[in-house]
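For reference, the structure discussed in these notes is given below.
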Amino acid sequence: MRTIQGVGVSAGIAIGSIRVLDTADHAVERRVVDDPQAEVERFRTARDTAVEQLKRLRDKTAAEFGEGKAELFDAHQLMLQDPDYVNSIEDLIGQSRVNAEYAVNSTAEQYAAMFAAMDNSYMQARAADIKDVSRRVINVLEGKRGGAAEDGDGDSHIILAEDLAPSETVQLDRAKVLGFVTAKGSANSHTAILARTMGLPAIIGIGAAFDPADDGHTAVIDGTSGKVFIDPDEATLGEYQGRKAKYEERLRLLQELKGKPTETKSGQKVRLYANIGRPSDVTAVLANDAEGIGLFRSEFLYLESEDYPTEEFQFEAYKEVAQKMGDRLVVIRTLDIGADKQVGYFNLEHEDNPALGYRAIRICLTRPEIFKVQLRALLRASVYGNIAIMLPMITSVQEVRDAKRILDEVKTELHSEHVDFNEHIQVGIMIETPASVVMADELAAEVDFFSIGTNDLTQYTLACDRQNPNLGRFADPHSPAVLRMIRMATEAAHRHGIWCGICGELGADLSLTDTFLDIGLDELSVSPTSVLPLRDAIRNH
């Protein structure tokens with residue numbers, strides 16, 4: 001048995017076999033082959049296998065996310081069947097007598113460089129696509145399995161990876177993934193946040209203990225303590241099977257709180273909402289009896305797309321969530337791209353300090369053509385439920401006024417087109433910068449609500465990079481400075497008659513529930529799996 005200590009970022013216990021997820025590019029060896037024609041046939045067989053993999057992915061994606069998302073895999077199939085691409089690989093094998101892996105990799109590099117050099121942003125984005133499909137063929141040639149989202153053996157497993165980007169995490173097949181462990185990452189990364197949203201036990205930061213040779217071995221992971229046991233002995237396995245059963249029993253008992261009011265013994269009521277990243281998360285919201293959605297991270301519609309999502313695509317996503325939630329409030333945060341959430345087709349320049357750079361509302365205000373598409377979709381969807389709009393990364397009153405001016409322009413456009421929308425849609429802001437706290441009284445006069453993003457508020461208040469795992473002891477969200485910021489923002493909101501909540505991860509911290517009740521927060525929005533434990537804590541206050 002080997003014991004590894006990482007950082008637990010999403011509670012729960014998972015026991016199962018390890019599936020190593022290969023997320024890194026590796027050097028491809030060049031070899032001279034004696035029979036080029038046999039090597040060409042080997043390439044064709046691998047190419048056909050890759051196409052079949054893509055077909056399965058396409059069907060799965062269409063069933064879970066709709067036809068719009070599935071179009072990516074249609075495009076990837078066409079790339080693998082493109083005559084120029086195929087001929088280039090086969091000619092290289094025949095003329096240079098090289099192995100198929102090398103020929104595929106060389107052709108991919110050549111095509112990717114050609115796409116990257118084009119002026120058109122859409123064609124530049126195809127560079128990543130050609131590398132992706134080529135890596136798929138190389139993996140087949142090398143006998144490697146595909147990613148966790150596309151395994152065909154039906155077995156459930158624990159994902160082990162060097163790192164996972166947010167866009168990779170959201171594509172994990174929840175039906176097959178028991179939990180995940182990564183070598184890198186931080187507790188406040190959006191990948192960790194997504195793990196909690198998905199209800200998956202997760203551990204990050206195991207560092208040099210990451211070993212691809214663990215693929216197929218049995219593991220036990222504890223998302224609370226951060227412990228990983230590779231090939232556990234009988235005593236350890238028995239202990240954690242018992243703990244897992246108790247944890248699941250605790251979850252079962254919490255189900256009895258469904259339908260009961262979220263209020264303290266003295267009658268103080270708090271609205272208990274949930275955070276989501278995509279429409280399919282609403283299932284977990286309803287299953288855990290959340291009273292609304294306090295944060296719909298709309299940027300994941302962009303992270304999962306190969307190009308700017310259209311107005312119609314966004315409209316259908318917002319409409320679906322609004323309809324499923326009925327009369328319950330759905331707070332949708334406008335595009336929050338930037339910092340650790342990078343999207344290639346936005347063509348954002350490299351920044352030495354992206355957390356302080358060109359992101360969120362700053363992109364929306366300087367690229368209104370993108371912002372307006374989202375606002376049109378949001379307004380159109382507002383007639384199908386109780387939608388509110390929330391603006392992220394606000395630092396000044398002028399930013400709010402500029403955003404509202406663009407919103408008014410969109411309303412005027414929709415009026416002229418005789419398109420219905422909620423004329424009185426709520427508009428709120430994220431309080432996640434010290435500047436927004438200092439200006440809270442002035443900002444409260446401009447909006448309908450505040451929602452405190454404690455992850456970034458902690459980062460900016462304490463000057464600690466939330467992505468840096470070496471700053472864990474310094475980036476303390478329990479800091480009196482952070483808690484004082486929360487109190488100041490809440491009191492300012494109440495002075496102006498608007499409500500104030502928390503949508504950051506700190507809202508689910510049960511050690512702070514009493515503090516938040518004392519501050520007088522009106523709403524707490526947490527991951528769906530945290531709703532019932534938090535309701536239990538509030539009802540026992």
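Numbering starts fresh at 1 for the residues of each chain in the structure tokens, the chains themselves are lettered A, B, ... in the order given, and ligands are numbered from 1 as they appear.
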Skipping near chain neighbours, those fewer than 5 positions away, what residues fall within 12 Å of A:Arg473 using only C-alpha atoms, listed as a short mmCIF file (atom, residue, chain, number, x, y, z; two decimals) with all heavy atoms, in the first residue's frame?
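Heads up, here's the output in out-v3.cif:
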```
data_model
loop_
_atom_site.label_atom_id
_atom_site.label_comp_id
_atom_site.auth_asym_id
_atom_site.auth_seq_id
_atom_site.Cartn_x
_atom_site.Cartn_y
_atom_site.Cartn_z
N ALA A 187 -7.03 24.73 -4.29
CA ALA A 187 -8.34 24.51 -3.68
C ALA A 187 -9.39 25.48 -4.19
O ALA A 187 -10.59 25.19 -4.16
CB ALA A 187 -8.23 24.60 -2.16
N LEU A 462 -6.52 39.94 0.33
CA LEU A 462 -5.29 39.47 0.97
C LEU A 462 -4.09 39.48 0.03
O LEU A 462 -2.98 39.10 0.43
CB LEU A 462 -5.50 38.06 1.52
CG LEU A 462 -6.64 37.90 2.53
CD1 LEU A 462 -6.72 36.46 3.01
CD2 LEU A 462 -6.45 38.84 3.72
N CYS A 464 -3.39 37.53 -2.45
CA CYS A 464 -2.90 36.15 -2.58
C CYS A 464 -3.51 35.51 -3.83
O CYS A 464 -4.74 35.43 -3.94
CB CYS A 464 -3.28 35.33 -1.35
SG CYS A 464 -2.26 35.64 0.09
N ASP A 465 -2.66 35.05 -4.72
CA ASP A 465 -3.12 34.39 -5.94
C ASP A 465 -3.86 33.11 -5.59
O ASP A 465 -3.28 32.18 -5.02
CB ASP A 465 -1.90 34.08 -6.82
CG ASP A 465 -2.26 33.42 -8.13
OD1 ASP A 465 -3.46 33.18 -8.38
OD2 ASP A 465 -1.34 33.13 -8.92
N ARG A 466 -5.13 33.02 -5.93
CA ARG A 466 -5.95 31.84 -5.58
C ARG A 466 -5.50 30.59 -6.31
O ARG A 466 -5.86 29.48 -5.92
CB ARG A 466 -7.42 32.12 -5.88
CG ARG A 466 -7.72 32.38 -7.32
CD ARG A 466 -9.15 32.81 -7.54
NE ARG A 466 -10.07 31.68 -7.58
CZ ARG A 466 -11.34 31.78 -7.97
NH1 ARG A 466 -11.83 32.96 -8.29
NH2 ARG A 466 -12.12 30.73 -8.01
N ASN A 468 -2.25 29.77 -6.69
CA ASN A 468 -0.91 29.40 -6.23
C ASN A 468 -1.02 28.48 -5.02
O ASN A 468 -1.39 28.91 -3.93
CB ASN A 468 -0.13 30.66 -5.86
CG ASN A 468 1.34 30.38 -5.58
OD1 ASN A 468 1.70 29.27 -5.18
ND2 ASN A 468 2.18 31.36 -5.78
N HIS A 478 -11.08 32.93 6.12
CA HIS A 478 -11.61 33.25 7.46
C HIS A 478 -10.98 34.50 8.03
O HIS A 478 -11.29 34.88 9.16
CB HIS A 478 -11.36 32.08 8.42
CG HIS A 478 -12.17 30.85 8.12
ND1 HIS A 478 -12.62 30.00 9.09
CD2 HIS A 478 -12.64 30.34 6.95
CE1 HIS A 478 -13.29 29.01 8.54
NE2 HIS A 478 -13.31 29.20 7.24
N SER A 479 -10.10 35.11 7.27
CA SER A 479 -9.41 36.31 7.76
C SER A 479 -10.42 37.37 8.23
O SER A 479 -11.44 37.60 7.57
CB SER A 479 -8.56 36.91 6.62
OG SER A 479 -8.22 38.25 6.90
#
```
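When the distance limit is 8 Å and only C-alpha atoms are what count, the residues near stretch 223-229 of chain A, minus those fewer than 3 positions from it on the same chain, are Met1, Arg2, Thr3, Ile4, Gln5, Gly6, Val7, Gly8, Val9, Ser10, Ala11, Gly12, Ile13, Pro201, Ala202, Ile203, Ile204, Ala219, Val220 and Pro232 of chain A.
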All residues 12 Å or closer to A:Gly338, only C-alpha atoms, same chain fewer than 2 positions away omitted, as a PyMOL selection string
chain A and resi 190+299-300+302-303+335-336+340-344+346-351+353-364+392-393
Enumerate, in order of chain and increasing residue number, the residues of stretch 363-385 of chain A with an atom no farther than 7 Å from stretch 418-429 of chain A, each with its shortest atom pair and distance in Å to one decimal, counting only C-alpha atoms, as JSON lines.
```
{"residue": "A:Leu379", "atom": "CA", "partner": "A:Phe421", "partner_atom": "CA", "distance": 5.3}
{"residue": "A:Arg380", "atom": "CA", "partner": "A:Phe421", "partner_atom": "CA", "distance": 5.3}
{"residue": "A:Ser382", "atom": "CA", "partner": "A:Asn422", "partner_atom": "CA", "distance": 5.6}
{"residue": "A:Val383", "atom": "CA", "partner": "A:Phe421", "partner_atom": "CA", "distance": 5.3}
```
For all heavy atoms, I'd like the residues from the last selection saved as a short mmCIF file (atom, residue, chain, number, x, y, z; two decimals), in the first residue's frame.
```cif
data_model
loop_
_atom_site.label_atom_id
_atom_site.label_comp_id
_atom_site.auth_asym_id
_atom_site.auth_seq_id
_atom_site.Cartn_x
_atom_site.Cartn_y
_atom_site.Cartn_z
N LEU A 379 -32.43 38.41 -22.02
CA LEU A 379 -33.72 39.10 -22.00
C LEU A 379 -34.81 38.27 -22.66
O LEU A 379 -35.93 38.17 -22.15
CB LEU A 379 -33.59 40.46 -22.68
CG LEU A 379 -32.83 41.54 -21.90
CD1 LEU A 379 -32.61 42.77 -22.75
CD2 LEU A 379 -33.58 41.91 -20.62
N ARG A 380 -34.49 37.65 -23.78
CA ARG A 380 -35.49 36.82 -24.45
C ARG A 380 -35.93 35.65 -23.56
O ARG A 380 -37.09 35.27 -23.53
CB ARG A 380 -34.93 36.29 -25.77
CG ARG A 380 -34.81 37.33 -26.87
CD ARG A 380 -34.09 36.73 -28.09
NE ARG A 380 -34.79 35.53 -28.56
CZ ARG A 380 -34.20 34.60 -29.32
NH1 ARG A 380 -32.91 34.73 -29.66
NH2 ARG A 380 -34.88 33.55 -29.73
N SER A 382 -36.00 35.65 -20.38
CA SER A 382 -36.57 36.11 -19.11
C SER A 382 -38.09 35.93 -19.03
O SER A 382 -38.65 35.95 -17.94
CB SER A 382 -36.21 37.59 -18.89
OG SER A 382 -36.84 38.43 -19.84
N VAL A 383 -38.76 35.75 -20.16
CA VAL A 383 -40.22 35.57 -20.12
C VAL A 383 -40.60 34.13 -19.79
O VAL A 383 -41.77 33.82 -19.61
CB VAL A 383 -40.87 35.98 -21.46
CG1 VAL A 383 -40.65 37.45 -21.74
CG2 VAL A 383 -40.34 35.12 -22.61
#
```
Neighbour list for A:Lys324 as a compact mmCIF listing (two decimals) with all heavy atoms, in the first residue's frame, cut-off 9 Å, only C-alpha atoms, skip fewer than 2 positions in-chain:
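The new file selection_7.txt reads:
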```txt
# COMPACT_ATOMS: atom_id res chain seq x y z
N VAL A 282 -29.08 21.56 -13.33
CA VAL A 282 -30.35 21.84 -12.68
C VAL A 282 -30.92 20.57 -12.04
O VAL A 282 -31.61 20.63 -11.01
CB VAL A 282 -31.37 22.43 -13.68
CG1 VAL A 282 -32.74 22.62 -13.04
CG2 VAL A 282 -30.86 23.78 -14.19
N THR A 283 -30.63 19.42 -12.61
CA THR A 283 -31.10 18.16 -12.03
C THR A 283 -30.63 18.03 -10.59
O THR A 283 -31.40 17.67 -9.69
CB THR A 283 -30.59 16.96 -12.86
OG1 THR A 283 -31.06 17.09 -14.20
CG2 THR A 283 -31.07 15.65 -12.27
N LEU A 286 -32.45 20.62 -8.22
CA LEU A 286 -33.79 20.19 -7.82
C LEU A 286 -33.72 18.98 -6.88
O LEU A 286 -34.50 18.88 -5.93
CB LEU A 286 -34.62 19.87 -9.05
CG LEU A 286 -34.88 21.05 -10.01
CD1 LEU A 286 -35.59 20.57 -11.26
CD2 LEU A 286 -35.69 22.14 -9.32
N LYS A 319 -33.21 29.56 -21.31
CA LYS A 319 -34.64 29.22 -21.30
C LYS A 319 -34.86 27.88 -20.61
O LYS A 319 -35.78 27.73 -19.80
CB LYS A 319 -35.17 29.17 -22.74
CG LYS A 319 -36.60 28.68 -22.88
CD LYS A 319 -36.97 28.54 -24.36
CE LYS A 319 -38.32 27.89 -24.54
NZ LYS A 319 -38.66 27.69 -25.99
N GLU A 320 -34.02 26.91 -20.94
CA GLU A 320 -34.16 25.57 -20.34
C GLU A 320 -34.05 25.64 -18.82
O GLU A 320 -34.86 25.04 -18.10
CB GLU A 320 -33.08 24.65 -20.91
CG GLU A 320 -33.09 23.26 -20.31
CD GLU A 320 -31.96 22.39 -20.81
OE1 GLU A 320 -31.31 22.75 -21.82
OE2 GLU A 320 -31.69 21.35 -20.17
N VAL A 321 -33.05 26.38 -18.33
CA VAL A 321 -32.86 26.48 -16.88
C VAL A 321 -34.05 27.21 -16.24
O VAL A 321 -34.58 26.78 -15.21
CB VAL A 321 -31.54 27.21 -16.56
CG1 VAL A 321 -31.43 27.48 -15.06
CG2 VAL A 321 -30.35 26.39 -17.04
N ALA A 322 -34.47 28.32 -16.85
CA ALA A 322 -35.58 29.10 -16.30
C ALA A 322 -36.86 28.27 -16.23
O ALA A 322 -37.59 28.30 -15.23
CB ALA A 322 -35.81 30.35 -17.15
N GLY A 326 -38.99 27.03 -12.78
CA GLY A 326 -40.32 27.58 -12.54
C GLY A 326 -40.27 29.00 -11.98
O GLY A 326 -39.64 29.88 -12.57
N GLY A 385 -39.29 32.40 -17.16
CA GLY A 385 -39.04 32.11 -15.76
C GLY A 385 -38.64 33.36 -15.01
O GLY A 385 -38.91 34.48 -15.46
```
Students should find that atom CA of A:Leu521 and atom CA of A:Gly501 are spaced 5.5 Å
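Each of A:Glu446, A:Asp456, A:Asp536, A:Asp211 was checked against A:Lys404 using only C-alpha atoms; the smallest atom-to-atom distance is that of A:Glu446.
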_DSSP strand (DSSP E) selection over stretch 133-331 of chain A, as an MDAnalysis selection string_ = chainID A and resid 157:161 177:182 202:204 218:222 227:230 271:276 293:297 329:331
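Residues in contact with stretch 86-102 of chain A at 9 Å, where only C-alpha atoms are counted and same-chain residues fewer than 6 positions away are skipped, are listed as A:Val28, A:Glu29, A:Arg30, A:Arg31, A:Val32, A:Val33, A:Asp34, A:Asp35, A:Pro36, A:Gln37, A:Glu39, A:Val40, A:Arg42, A:Phe43, A:Arg44, A:Leu80, A:Val137, A:Ile138, A:Asn139, A:Leu141, A:Glu142.
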Can you write out the residues you just picked, keeping N, CA and C atoms, as a compact mmCIF listing (two decimals), in the first residue's frame?
```txt
# COMPACT_ATOMS: atom_id res chain seq x y z
N VAL A 28 7.03 12.31 -29.90
CA VAL A 28 6.75 11.14 -30.73
C VAL A 28 8.05 10.71 -31.39
N GLU A 29 8.40 9.46 -31.17
CA GLU A 29 9.67 8.93 -31.69
C GLU A 29 9.58 8.70 -33.21
N ARG A 30 10.69 9.02 -33.88
CA ARG A 30 10.77 8.73 -35.32
C ARG A 30 11.52 7.42 -35.51
N ARG A 31 10.90 6.50 -36.27
CA ARG A 31 11.54 5.22 -36.56
C ARG A 31 11.50 4.95 -38.07
N VAL A 32 12.48 4.23 -38.56
CA VAL A 32 12.50 3.80 -39.96
C VAL A 32 11.78 2.46 -40.03
N VAL A 33 10.87 2.32 -41.01
CA VAL A 33 10.10 1.08 -41.13
C VAL A 33 10.52 0.33 -42.39
N ASP A 34 10.46 -1.00 -42.31
CA ASP A 34 10.86 -1.83 -43.46
C ASP A 34 9.75 -1.96 -44.49
N ASP A 35 8.49 -1.88 -44.03
CA ASP A 35 7.35 -2.09 -44.93
C ASP A 35 6.41 -0.88 -44.86
N PRO A 36 6.67 0.16 -45.68
CA PRO A 36 5.83 1.38 -45.64
C PRO A 36 4.36 1.09 -45.90
N GLN A 37 4.05 0.15 -46.79
CA GLN A 37 2.64 -0.12 -47.10
C GLN A 37 1.91 -0.70 -45.88
N GLU A 39 2.69 -0.02 -42.88
CA GLU A 39 2.55 1.11 -41.95
C GLU A 39 1.38 2.00 -42.36
N VAL A 40 1.17 2.17 -43.67
CA VAL A 40 0.02 2.93 -44.15
C VAL A 40 -1.27 2.25 -43.71
N ARG A 42 -1.63 0.33 -41.18
CA ARG A 42 -1.72 0.51 -39.72
C ARG A 42 -2.31 1.88 -39.39
N PHE A 43 -1.89 2.90 -40.14
CA PHE A 43 -2.46 4.24 -39.95
C PHE A 43 -3.95 4.25 -40.27
N ARG A 44 -4.34 3.64 -41.39
CA ARG A 44 -5.75 3.65 -41.80
C ARG A 44 -6.63 2.97 -40.75
N LEU A 80 -10.39 14.06 -39.90
CA LEU A 80 -9.67 12.80 -40.03
C LEU A 80 -9.88 12.15 -41.39
N VAL A 137 -5.47 9.82 -32.94
CA VAL A 137 -4.96 8.74 -33.80
C VAL A 137 -3.66 8.17 -33.23
N ILE A 138 -2.79 9.05 -32.75
CA ILE A 138 -1.52 8.59 -32.18
C ILE A 138 -1.77 7.72 -30.95
N ASN A 139 -2.73 8.11 -30.12
CA ASN A 139 -3.07 7.31 -28.95
C ASN A 139 -3.52 5.90 -29.35
N LEU A 141 -2.66 4.35 -32.14
CA LEU A 141 -1.47 3.67 -32.65
C LEU A 141 -0.58 3.17 -31.53
N GLU A 142 -0.52 3.93 -30.45
CA GLU A 142 0.34 3.56 -29.32
C GLU A 142 -0.36 2.65 -28.33
```
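Considering the residues A:Ala14, A:Ser186, A:Ile502, A:Tyr111 and counting only C-alpha atoms, A:Gly242 has its shortest atom-to-atom contact with A:Ala14.
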_Contacts of A:Ile406 at 9 Å (only C-alpha atoms; same-chain gap of 6+ positions) as JSON, numbers by chain_ = {"A": [365, 368, 371, 372, 375]}
Please produce a file of the residues just selected, as a short mmCIF file (atom, residue, chain, number, x, y, z; two decimals), in the first residue's frame, where the atoms kept are all heavy atoms.
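Written out: part_6.cif:
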```
data_model
loop_
_atom_site.label_atom_id
_atom_site.label_comp_id
_atom_site.auth_asym_id
_atom_site.auth_seq_id
_atom_site.Cartn_x
_atom_site.Cartn_y
_atom_site.Cartn_z
N LEU A 365 -17.46 45.31 -21.62
CA LEU A 365 -17.62 46.74 -21.90
C LEU A 365 -16.77 47.21 -23.06
O LEU A 365 -17.10 48.20 -23.72
CB LEU A 365 -17.29 47.56 -20.64
CG LEU A 365 -18.24 47.37 -19.45
CD1 LEU A 365 -17.81 48.26 -18.29
CD2 LEU A 365 -19.68 47.68 -19.84
N PRO A 368 -18.52 45.22 -26.83
CA PRO A 368 -19.98 45.18 -26.64
C PRO A 368 -20.69 44.27 -27.62
O PRO A 368 -21.81 43.82 -27.35
CB PRO A 368 -20.40 46.64 -26.81
CG PRO A 368 -19.28 47.28 -27.59
CD PRO A 368 -18.04 46.58 -27.15
N PHE A 371 -21.04 41.17 -25.72
CA PHE A 371 -21.91 41.40 -24.57
C PHE A 371 -23.37 41.47 -25.00
O PHE A 371 -24.26 40.89 -24.37
CB PHE A 371 -21.48 42.69 -23.89
CG PHE A 371 -22.05 42.91 -22.51
CD1 PHE A 371 -22.41 41.86 -21.70
CD2 PHE A 371 -22.21 44.20 -22.03
CE1 PHE A 371 -22.93 42.07 -20.42
CE2 PHE A 371 -22.71 44.44 -20.75
CZ PHE A 371 -23.08 43.36 -19.95
N LYS A 372 -23.63 42.16 -26.11
CA LYS A 372 -25.01 42.33 -26.56
C LYS A 372 -25.66 41.01 -26.96
O LYS A 372 -26.86 40.81 -26.73
CB LYS A 372 -25.07 43.32 -27.73
CG LYS A 372 -24.94 44.77 -27.31
CD LYS A 372 -25.19 45.70 -28.48
CE LYS A 372 -25.27 47.16 -28.05
NZ LYS A 372 -25.59 48.07 -29.17
N LEU A 375 -26.75 39.49 -23.71
CA LEU A 375 -27.87 40.22 -23.11
C LEU A 375 -29.18 39.98 -23.87
O LEU A 375 -30.25 39.85 -23.25
CB LEU A 375 -27.55 41.71 -23.05
CG LEU A 375 -26.43 42.12 -22.09
CD1 LEU A 375 -26.17 43.62 -22.18
CD2 LEU A 375 -26.77 41.73 -20.64
#
```
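Atom pair atom CA of A:Glu491 / atom CA of A:Thr515: separated by 14.1 Å.
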**Study point:** Every residue of stretch 156-308 of chain A that DSSP places in helix (DSSP H, G or I), as JSON, numbers by chain
**Key:** {"A": [166, 167, 168, 169, 190, 191, 192, 193, 194, 195, 196, 197, 198, 207, 208, 209, 212, 213, 214, 234, 235, 236, 237, 238, 239, 240, 241, 242, 243, 244, 245, 246, 247, 248, 249, 250, 251, 252, 253, 254, 255, 256, 257, 279, 280, 281, 282, 283, 284, 285, 286, 287, 299, 300, 301, 302, 303]}
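Of the residues listed (A:Thr49, A:Thr264, A:Leu391, A:Leu237), A:Leu391 shows the shortest atom-to-atom separation from A:Arg297; distances use only C-alpha atoms.
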Exercise: A:Ile538 partners within 10 Å, only C-alpha atoms, chain neighbours under 6 positions left out, as an mmCIF file with all heavy atoms, in the first residue's frame:
```cif
data_model
loop_
_atom_site.group_PDB
_atom_site.id
_atom_site.type_symbol
_atom_site.label_atom_id
_atom_site.label_comp_id
_atom_site.auth_asym_id
_atom_site.auth_seq_id
_atom_site.Cartn_x
_atom_site.Cartn_y
_atom_site.Cartn_z
ATOM 1 N N PRO A 261 -38.503 24.562 5.675
ATOM 2 C CA PRO A 261 -38.002 25.939 5.523
ATOM 3 C C PRO A 261 -36.561 26.079 6.005
ATOM 4 O O PRO A 261 -36.126 25.388 6.924
ATOM 5 C CB PRO A 261 -38.965 26.758 6.396
ATOM 6 C CG PRO A 261 -39.508 25.782 7.395
ATOM 7 C CD PRO A 261 -39.581 24.475 6.675
ATOM 8 N N THR A 262 -35.838 26.990 5.355
ATOM 9 C CA THR A 262 -34.469 27.294 5.768
ATOM 10 C C THR A 262 -34.526 28.474 6.728
ATOM 11 O O THR A 262 -34.463 29.632 6.315
ATOM 12 C CB THR A 262 -33.596 27.626 4.549
ATOM 13 O OG1 THR A 262 -33.701 26.577 3.586
ATOM 14 C CG2 THR A 262 -32.137 27.779 4.964
ATOM 15 N N GLU A 263 -34.686 28.167 7.999
ATOM 16 C CA GLU A 263 -34.740 29.219 9.007
ATOM 17 C C GLU A 263 -34.217 28.688 10.337
ATOM 18 O O GLU A 263 -34.267 27.489 10.616
ATOM 19 C CB GLU A 263 -36.155 29.757 9.178
ATOM 20 C CG GLU A 263 -37.177 28.744 9.684
ATOM 21 C CD GLU A 263 -38.555 29.366 9.857
ATOM 22 O OE1 GLU A 263 -39.241 29.588 8.840
ATOM 23 O OE2 GLU A 263 -38.935 29.636 11.011
ATOM 24 N N THR A 264 -33.699 29.615 11.138
ATOM 25 C CA THR A 264 -33.138 29.245 12.430
ATOM 26 C C THR A 264 -34.256 28.954 13.430
ATOM 27 O O THR A 264 -35.439 29.214 13.156
ATOM 28 C CB THR A 264 -32.257 30.380 12.985
ATOM 29 O OG1 THR A 264 -33.104 31.505 13.268
ATOM 30 C CG2 THR A 264 -31.201 30.796 11.974
ATOM 31 N N LYS A 265 -33.882 28.443 14.596
ATOM 32 C CA LYS A 265 -34.870 28.150 15.639
ATOM 33 C C LYS A 265 -35.575 29.411 16.116
ATOM 34 O O LYS A 265 -36.703 29.354 16.606
ATOM 35 C CB LYS A 265 -34.179 27.448 16.808
ATOM 36 C CG LYS A 265 -33.711 26.037 16.467
ATOM 37 C CD LYS A 265 -33.047 25.360 17.649
ATOM 38 C CE LYS A 265 -32.651 23.928 17.291
ATOM 39 N NZ LYS A 265 -32.001 23.234 18.435
ATOM 40 N N GLN A 268 -35.173 33.309 12.023
ATOM 41 C CA GLN A 268 -34.440 34.064 11.000
ATOM 42 C C GLN A 268 -34.384 33.232 9.721
ATOM 43 O O GLN A 268 -33.892 32.105 9.725
ATOM 44 C CB GLN A 268 -33.025 34.384 11.488
ATOM 45 C CG GLN A 268 -32.200 35.171 10.468
ATOM 46 C CD GLN A 268 -30.779 35.440 10.970
ATOM 47 O OE1 GLN A 268 -30.441 35.143 12.113
ATOM 48 N NE2 GLN A 268 -29.945 36.005 10.107
ATOM 49 N N LYS A 269 -34.886 33.795 8.629
ATOM 50 C CA LYS A 269 -34.943 33.068 7.371
ATOM 51 C C LYS A 269 -33.790 33.456 6.452
ATOM 52 O O LYS A 269 -33.381 34.611 6.396
ATOM 53 C CB LYS A 269 -36.276 33.324 6.667
ATOM 54 C CG LYS A 269 -37.478 32.762 7.419
ATOM 55 C CD LYS A 269 -38.768 32.949 6.631
ATOM 56 C CE LYS A 269 -39.940 32.338 7.390
ATOM 57 N NZ LYS A 269 -41.219 32.481 6.646
ATOM 58 N N VAL A 270 -33.297 32.468 5.730
ATOM 59 C CA VAL A 270 -32.232 32.668 4.746
ATOM 60 C C VAL A 270 -32.635 31.932 3.477
ATOM 61 O O VAL A 270 -33.089 30.780 3.548
ATOM 62 C CB VAL A 270 -30.882 32.121 5.254
ATOM 63 C CG1 VAL A 270 -29.787 32.354 4.214
ATOM 64 C CG2 VAL A 270 -30.492 32.745 6.577
ATOM 65 N N LEU A 272 -31.784 29.786 0.411
ATOM 66 C CA LEU A 272 -30.693 28.846 0.149
ATOM 67 C C LEU A 272 -30.722 28.421 -1.316
ATOM 68 O O LEU A 272 -31.610 27.672 -1.743
ATOM 69 C CB LEU A 272 -30.822 27.636 1.080
ATOM 70 C CG LEU A 272 -29.661 26.656 1.157
ATOM 71 C CD1 LEU A 272 -28.332 27.382 1.344
ATOM 72 C CD2 LEU A 272 -29.883 25.685 2.310
ATOM 73 N N LEU A 510 -19.455 25.428 6.931
ATOM 74 C CA LEU A 510 -20.350 25.330 8.089
ATOM 75 C C LEU A 510 -19.757 25.965 9.338
ATOM 76 O O LEU A 510 -20.500 26.336 10.253
ATOM 77 C CB LEU A 510 -20.693 23.859 8.360
ATOM 78 C CG LEU A 510 -21.423 23.127 7.228
ATOM 79 C CD1 LEU A 510 -21.729 21.690 7.632
ATOM 80 C CD2 LEU A 510 -22.701 23.850 6.839
ATOM 81 N N THR A 513 -21.237 29.493 9.316
ATOM 82 C CA THR A 513 -22.685 29.697 9.185
ATOM 83 C C THR A 513 -23.215 30.646 10.245
ATOM 84 O O THR A 513 -24.000 31.566 9.957
ATOM 85 C CB THR A 513 -23.425 28.349 9.252
ATOM 86 O OG1 THR A 513 -22.923 27.482 8.223
ATOM 87 C CG2 THR A 513 -24.920 28.548 9.055
ATOM 88 N N ASP A 514 -22.795 30.458 11.496
ATOM 89 C CA ASP A 514 -23.256 31.346 12.571
ATOM 90 C C ASP A 514 -22.834 32.789 12.301
ATOM 91 O O ASP A 514 -23.601 33.732 12.549
ATOM 92 C CB ASP A 514 -22.670 30.893 13.924
ATOM 93 C CG ASP A 514 -23.324 29.604 14.419
ATOM 94 O OD1 ASP A 514 -24.278 29.137 13.767
ATOM 95 O OD2 ASP A 514 -22.872 29.071 15.450
ATOM 96 N N LEU A 517 -25.055 34.313 9.620
ATOM 97 C CA LEU A 517 -26.375 34.624 10.164
ATOM 98 C C LEU A 517 -26.316 35.890 11.008
ATOM 99 O O LEU A 517 -27.231 36.729 10.968
ATOM 100 C CB LEU A 517 -26.896 33.446 10.989
ATOM 101 C CG LEU A 517 -27.282 32.191 10.186
ATOM 102 C CD1 LEU A 517 -27.486 31.006 11.116
ATOM 103 C CD2 LEU A 517 -28.531 32.446 9.358
ATOM 104 N N LEU A 532 -28.339 20.769 1.441
ATOM 105 C CA LEU A 532 -29.004 20.135 2.578
ATOM 106 C C LEU A 532 -28.158 20.160 3.855
ATOM 107 O O LEU A 532 -28.694 20.417 4.940
ATOM 108 C CB LEU A 532 -29.441 18.713 2.220
ATOM 109 C CG LEU A 532 -30.547 18.636 1.155
ATOM 110 C CD1 LEU A 532 -30.865 17.192 0.790
ATOM 111 C CD2 LEU A 532 -31.807 19.359 1.613
#
```
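One finds atom CA of A:Leu257 at 9.6 Å from atom CA of A:Arg539.
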